[in-house]
>>> print(open('data.tsv').read())   # TSV, C-alpha atoms
chain	number	residue	atom	x	y	z
A	1	MET	CA	-90.90	-30.02	41.65
A	2	LEU	CA	-92.59	-28.20	38.76
A	3	THR	CA	-91.00	-25.03	37.48
A	4	MET	CA	-92.82	-21.71	37.21
A	5	SER	CA	-93.33	-22.08	33.46
A	6	GLU	CA	-95.10	-25.44	33.78
A	7	HIS	CA	-97.95	-23.87	35.74
A	8	PRO	CA	-100.53	-21.44	34.39
A	9	THR	CA	-99.01	-18.19	35.61
A	10	VAL	CA	-99.92	-14.51	35.56
A	11	TYR	CA	-96.79	-12.72	34.33
A	12	ILE	CA	-96.67	-9.00	35.11
A	13	VAL	CA	-94.13	-6.64	33.52
A	14	ASP	CA	-94.27	-3.08	34.86
A	15	ASP	CA	-91.48	-0.73	35.92
A	16	ASP	CA	-93.62	0.62	38.78
A	17	HIS	CA	-92.62	-1.50	41.80
A	18	ALA	CA	-95.63	-0.36	43.84
A	19	VAL	CA	-97.98	-1.53	41.08
A	20	LEU	CA	-96.15	-4.84	40.81
A	21	LYS	CA	-96.38	-5.43	44.55
A	22	SER	CA	-100.08	-4.59	44.80
A	23	MET	CA	-101.09	-6.67	41.77
A	24	LYS	CA	-99.01	-9.62	42.93
A	25	TRP	CA	-100.65	-9.53	46.36
A	26	LEU	CA	-104.15	-9.24	44.89
A	27	LEU	CA	-103.77	-12.04	42.37
A	28	GLU	CA	-102.03	-14.40	44.79
A	29	SER	CA	-104.82	-13.81	47.31
A	30	GLU	CA	-107.19	-15.07	44.59
A	31	GLY	CA	-105.14	-18.23	44.11
A	32	TYR	CA	-103.17	-17.27	41.01
A	33	ARG	CA	-99.52	-18.10	40.53
A	34	VAL	CA	-97.75	-14.80	39.82
A	35	ASP	CA	-94.36	-13.88	38.32
A	36	THR	CA	-93.40	-10.20	38.33
A	37	GLU	CA	-90.66	-8.34	36.49
A	38	SER	CA	-89.83	-4.62	36.44
A	39	SER	CA	-87.45	-4.84	33.47
A	40	PRO	CA	-88.77	-5.85	30.03
A	41	SER	CA	-85.25	-6.79	28.96
A	42	ASN	CA	-84.81	-9.13	31.91
A	43	PHE	CA	-88.20	-10.70	31.24
A	44	LEU	CA	-87.28	-11.23	27.60
A	45	GLU	CA	-84.00	-12.91	28.58
A	46	ARG	CA	-85.74	-15.57	30.64
A	47	ALA	CA	-88.84	-15.95	28.46
A	48	ASN	CA	-89.33	-19.34	26.83
A	49	ARG	CA	-92.00	-21.21	24.87
A	50	SER	CA	-92.90	-23.43	27.82
A	51	MET	CA	-94.46	-20.44	29.59
A	52	ASN	CA	-98.20	-20.64	29.82
A	53	GLY	CA	-100.75	-18.34	31.38
A	54	CYS	CA	-101.22	-14.67	30.57
A	55	LEU	CA	-99.19	-11.47	30.55
A	56	LEU	CA	-100.09	-8.10	32.08
A	57	LEU	CA	-97.88	-5.68	30.23
A	58	ASP	CA	-97.32	-1.97	30.90
A	59	ILE	CA	-97.07	-0.12	27.64
A	60	ARG	CA	-94.67	2.64	28.75
A	61	MET	CA	-91.35	1.59	30.32
A	62	PRO	CA	-87.88	3.12	30.10
A	63	ASP	CA	-85.63	0.40	28.66
A	64	MET	CA	-88.18	-1.18	26.29
A	65	ASP	CA	-91.79	-0.24	25.62
A	66	GLY	CA	-94.57	-2.79	25.90
A	67	LEU	CA	-95.20	-2.91	22.15
A	68	THR	CA	-91.59	-3.88	21.46
A	69	LEU	CA	-91.65	-6.57	24.15
A	70	GLN	CA	-94.94	-7.92	22.81
A	71	LYS	CA	-93.48	-8.17	19.30
A	72	ARG	CA	-90.24	-9.81	20.45
A	73	LEU	CA	-92.16	-12.42	22.43
A	74	LEU	CA	-94.23	-13.25	19.34
A	75	ASP	CA	-91.01	-13.51	17.31
A	76	LEU	CA	-89.85	-16.14	19.84
A	77	GLY	CA	-93.08	-18.07	19.42
A	78	ILE	CA	-94.42	-17.04	22.83
A	79	ASP	CA	-98.08	-16.25	22.27
A	80	MET	CA	-99.73	-15.89	25.67
A	81	PRO	CA	-102.85	-13.72	25.97
A	82	VAL	CA	-101.62	-10.17	26.66
A	83	VAL	CA	-103.51	-7.56	28.67
A	84	ILE	CA	-102.09	-4.10	28.06
A	85	ILE	CA	-101.77	-1.70	31.02
A	86	SER	CA	-102.19	1.82	29.70
A	87	GLY	CA	-102.40	5.40	30.89
A	88	HIS	CA	-104.59	8.04	29.24
A	89	ALA	CA	-101.67	9.31	27.16
A	90	ASP	CA	-101.01	5.87	25.72
A	91	VAL	CA	-104.36	5.26	24.03
A	92	SER	CA	-103.02	5.17	20.45
A	93	ALA	CA	-100.22	2.80	21.42
A	94	ALA	CA	-102.69	0.59	23.30
A	95	VAL	CA	-104.90	0.40	20.22
A	96	LYS	CA	-101.88	-0.63	18.17
A	97	ALA	CA	-101.10	-3.35	20.72
A	98	MET	CA	-104.64	-4.67	20.43
A	99	LYS	CA	-104.29	-4.80	16.65
A	100	THR	CA	-101.11	-6.86	16.98
A	101	GLY	CA	-102.56	-9.46	19.32
A	102	ALA	CA	-103.29	-8.07	22.79
A	103	ILE	CA	-106.68	-9.33	23.97
A	104	ASP	CA	-107.64	-6.60	26.44
A	105	LEU	CA	-106.82	-3.23	27.92
A	106	LEU	CA	-106.47	-2.19	31.55
A	107	GLU	CA	-106.45	1.58	31.88
A	108	LYS	CA	-104.84	3.34	34.85
A	109	PRO	CA	-106.06	3.91	37.45
A	110	PHE	CA	-107.90	0.61	37.74
A	111	ALA	CA	-109.91	-1.19	40.42
A	112	ASP	CA	-109.13	-4.64	41.79
A	113	ARG	CA	-112.28	-6.01	40.14
A	114	GLU	CA	-111.04	-4.86	36.73
A	115	ILE	CA	-107.75	-6.71	37.10
A	116	LEU	CA	-109.46	-9.90	38.22
A	117	GLU	CA	-112.00	-9.79	35.39
A	118	ARG	CA	-109.31	-9.39	32.74
A	119	VAL	CA	-107.03	-12.04	34.19
A	120	ASP	CA	-109.93	-14.48	34.41
A	121	ARG	CA	-110.81	-13.85	30.76
A	122	ALA	CA	-107.18	-14.14	29.65
A	123	MET	CA	-106.73	-17.45	31.49
A	124	ARG	CA	-109.88	-18.87	29.89
A	125	ILE	CA	-108.58	-17.85	26.46
A	126	GLU	CA	-105.22	-19.49	27.21
A	127	GLU	CA	-106.95	-22.72	28.26
A	128	ARG	CA	-108.88	-22.83	24.98
A	129	ARG	CA	-105.67	-22.21	23.05
A	130	LYS	CA	-103.92	-25.04	24.90
A	131	VAL	CA	-106.72	-27.44	24.03
A	132	ARG	CA	-106.55	-26.39	20.37
A	133	ARG	CA	-102.75	-26.76	20.28
A	134	ARG	CA	-103.03	-30.24	21.80
A	135	ASP	CA	-105.74	-31.27	19.33
A	136	LEU	CA	-103.79	-29.82	16.42
A	137	GLY	CA	-100.69	-31.79	17.41
A	138	ARG	CA	-102.72	-34.99	17.66
A	139	VAL	CA	-104.36	-34.53	14.25
A	140	SER	CA	-101.09	-33.48	12.57
A	141	ARG	CA	-99.33	-36.62	13.84
A	142	ARG	CA	-102.11	-38.80	12.42
A	143	MET	CA	-101.97	-37.05	9.06
A	144	THR	CA	-98.28	-37.85	8.66
A	145	ALA	CA	-99.29	-41.52	8.42
A	146	LEU	CA	-101.40	-40.87	5.31
A	147	THR	CA	-100.01	-41.60	1.87
A	148	ARG	CA	-100.17	-38.94	-0.85
A	149	ARG	CA	-103.19	-40.65	-2.41
A	150	GLU	CA	-104.93	-40.97	0.94
A	151	ARG	CA	-104.45	-37.25	1.52
A	152	GLU	CA	-106.00	-36.53	-1.87
A	153	VAL	CA	-108.97	-38.74	-1.06
A	154	MET	CA	-109.36	-37.13	2.36
A	155	GLU	CA	-109.36	-33.63	0.87
A	156	LEU	CA	-112.04	-34.59	-1.63
A	157	VAL	CA	-114.13	-36.39	0.99
A	158	VAL	CA	-114.19	-33.43	3.38
A	159	ALA	CA	-115.02	-31.15	0.44
A	160	GLY	CA	-118.27	-33.10	0.09
A	161	ASN	CA	-117.51	-35.25	-2.95
A	162	SER	CA	-119.18	-38.64	-3.37
A	163	ASN	CA	-117.10	-41.78	-3.90
A	164	LYS	CA	-118.16	-41.78	-7.56
A	165	ARG	CA	-117.05	-38.18	-8.04
A	166	ILE	CA	-113.73	-38.83	-6.27
A	167	ALA	CA	-113.14	-41.84	-8.56
A	168	GLU	CA	-113.74	-39.65	-11.59
A	169	LYS	CA	-111.47	-36.87	-10.36
A	170	LEU	CA	-108.59	-39.23	-9.51
A	171	CYS	CA	-109.19	-41.65	-12.40
A	172	ILE	CA	-109.49	-44.66	-10.12
A	173	SER	CA	-112.26	-47.16	-9.43
A	174	ASN	CA	-115.03	-46.76	-6.86
A	175	LYS	CA	-113.67	-49.81	-5.05
A	176	THR	CA	-110.23	-48.20	-4.78
A	177	VAL	CA	-111.80	-45.01	-3.42
A	178	GLU	CA	-113.67	-47.03	-0.81
A	179	ALA	CA	-110.44	-48.74	0.23
A	180	HIS	CA	-108.55	-45.44	0.51
A	181	ARG	CA	-111.44	-43.87	2.39
A	182	ALA	CA	-111.50	-46.72	4.91
A	183	LYS	CA	-107.75	-46.36	5.47
A	184	VAL	CA	-108.12	-42.59	5.95
A	185	MET	CA	-110.81	-43.08	8.58
A	186	LYS	CA	-108.71	-45.68	10.39
A	187	LYS	CA	-105.45	-43.71	10.35
A	188	MET	CA	-107.20	-40.49	11.38
A	189	GLU	CA	-109.09	-42.43	14.09
A	190	ALA	CA	-112.29	-40.76	12.92
A	191	THR	CA	-115.54	-42.55	13.76
A	192	SER	CA	-117.66	-40.39	11.46
A	193	LEU	CA	-117.45	-38.05	8.51
A	194	ALA	CA	-118.19	-35.15	10.87
A	195	GLU	CA	-115.08	-35.98	12.93
A	196	LEU	CA	-112.95	-36.16	9.80
A	197	VAL	CA	-114.24	-32.79	8.59
A	198	ARG	CA	-113.60	-31.24	12.02
A	199	ASP	CA	-110.00	-32.52	12.02
A	200	ALA	CA	-109.41	-31.23	8.50
A	201	ILE	CA	-110.70	-27.79	9.50
A	202	LEU	CA	-108.45	-27.81	12.56
A	203	VAL	CA	-105.34	-28.49	10.48
A	204	SER	CA	-106.25	-25.96	7.81
A	205	GLY	CA	-106.42	-23.29	10.54
>>> encode(input="data.tsv", output="structure tokens")
Amino acid sequence: MLTMSEHPTVYIVDDDHAVLKSMKWLLESEGYRVDTESSPSNFLERANRSMNGCLLLDIRMPDMDGLTLQKRLLDLGIDMPVVIISGHADVSAAVKAMKTGAIDLLEKPFADREILERVDRAMRIEERRKVRRRDLGRVSRRMTALTRREREVMELVVAGNSNKRIAEKLCISNKTVEAHRAKVMKKMEATSLAELVRDAILVSG
């Protein structure tokens, strides 16, 4: 049986039990998997990098504010899309949360439609991030197979240099450049220059 963290999950951290209950019911009725927690400290204790989904995070809680929890999760390498739940008095803090990585803001009081819209957006962002992480891992593994010289040739190729120019820069023959270039394409499993450039951009961030 899969654990909670292996499924895309909507995590909700809010010290208001009535809010937790109502949001959990709403989201589950829409087919989402939901995990609720009223204590930021407890959530932090069981948080791990295998979690995937999104986080609805109240900004004002007694034992740890939402900004602190958000930062500690990032320090642990947990970078789910975060939707901040804010009251009118928390506007400045909410803005700060957005600057440090939160993707959206849900201001109290809010309608069911607003929650669903933000969760849908957050889940789509998480899915795109997962695809990018998977692609990045694939490309990074392929790059480890390149020799130092092959990496140099690849960097010059994706920068738009011709074989002749690469040969001049590296003080090697055109034939040697062609051989290195062929090995780069094979090891990177790139079927075109465009694919190679795309992979290089992905790794460079």
>>> residues_around(input="data.tsv", residues="region 104-113 of chain A", least_positions_apart="3", cutoff="6 Å", atoms="all atoms listed in the file", output="list in words")
Val83, Ile84, Ile85, Ser86, Gly87 and Leu116 of chain A
>>> write_last_selection(input="data.tsv", atoms="C-alpha atoms", output="PDB file, in the coordinates of the input")
ATOM      1  CA  VAL A  83    -103.510  -7.560  28.670  1.00  0.00           C
ATOM      2  CA  ILE A  84    -102.090  -4.100  28.060  1.00  0.00           C
ATOM      3  CA  ILE A  85    -101.770  -1.700  31.020  1.00  0.00           C
ATOM      4  CA  SER A  86    -102.190   1.820  29.700  1.00  0.00           C
ATOM      5  CA  GLY A  87    -102.400   5.400  30.890  1.00  0.00           C
ATOM      6  CA  LEU A 116    -109.460  -9.900  38.220  1.00  0.00           C
TER       7      LEU A 116
END
>>> closest_residue(input="data.tsv", among="A:Arg121, A:Lys21, A:Arg134, A:His7", to="Arg33 (chain A)", atoms="only C-alpha atoms")
A:His7
>>> residues_around(input="data.tsv", residues="region 156-168 of chain A", least_positions_apart="3", cutoff="9 Å", atoms="all atoms listed in the file", output="JSON list (two decimals) with C-alpha atoms, in the frame of the given file")
[["chain", "number", "residue", "atom", "x", "y", "z"],
["A", 151, "ARG", "CA", -104.45, -37.25, 1.52],
["A", 152, "GLU", "CA", -106.00, -36.53, -1.87],
["A", 153, "VAL", "CA", -108.97, -38.74, -1.06],
["A", 171, "CYS", "CA", -109.19, -41.65, -12.40],
["A", 172, "ILE", "CA", -109.49, -44.66, -10.12],
["A", 173, "SER", "CA", -112.26, -47.16, -9.43],
["A", 174, "ASN", "CA", -115.03, -46.76, -6.86],
["A", 175, "LYS", "CA", -113.67, -49.81, -5.05],
["A", 176, "THR", "CA", -110.23, -48.20, -4.78],
["A", 177, "VAL", "CA", -111.80, -45.01, -3.42],
["A", 178, "GLU", "CA", -113.67, -47.03, -0.81],
["A", 181, "ARG", "CA", -111.44, -43.87, 2.39],
["A", 193, "LEU", "CA", -117.45, -38.05, 8.51],
["A", 194, "ALA", "CA", -118.19, -35.15, 10.87],
["A", 196, "LEU", "CA", -112.95, -36.16, 9.80],
["A", 197, "VAL", "CA", -114.24, -32.79, 8.59],
["A", 198, "ARG", "CA", -113.60, -31.24, 12.02],
["A", 200, "ALA", "CA", -109.41, -31.23, 8.50]]
>>> atom_distance(input="data.tsv", atom1="CA of Arg72 (chain A)", atom2="CA of Arg128 (chain A)")
23.2 Å
>>> closest_residue(input="data.tsv", among="A:Val10, A:Leu55, A:Leu146, A:Ala182", to="Glu28 (chain A)", atoms="only C-alpha atoms")
A:Val10
>>> atom_distance(input="data.tsv", atom1="CA of Ala145 (chain A)", atom2="CA of Lys187 (chain A)")
6.8 Å
>>> closest_residue(input="data.tsv", among="A:Gly77, A:Arg148, A:Gly137, A:Thr9", to="Leu27 (chain A)", atoms="all atoms listed in the file")
A:Thr9
>>> closest_residue(input="data.tsv", among="A:Glu114, A:Arg142, A:Lys183, A:Leu136", to="Ser204 (chain A)", atoms="all atoms listed in the file")
A:Leu136
>>> atom_distance(input="data.tsv", atom1="CA of Thr100 (chain A)", atom2="CA of Cys54 (chain A)")
15.7 Å
>>> closest_residue(input="data.tsv", among="A:Asp65, A:Asp75, A:Asp120, A:Glu195", to="Ala93 (chain A)", atoms="all atoms listed in the file")
A:Asp65
>>> closest_residue(input="data.tsv", among="A:Asp79, A:Asp199, A:Asp16, A:Glu150", to="Asn52 (chain A)", atoms="all atoms listed in the file")
A:Asp79
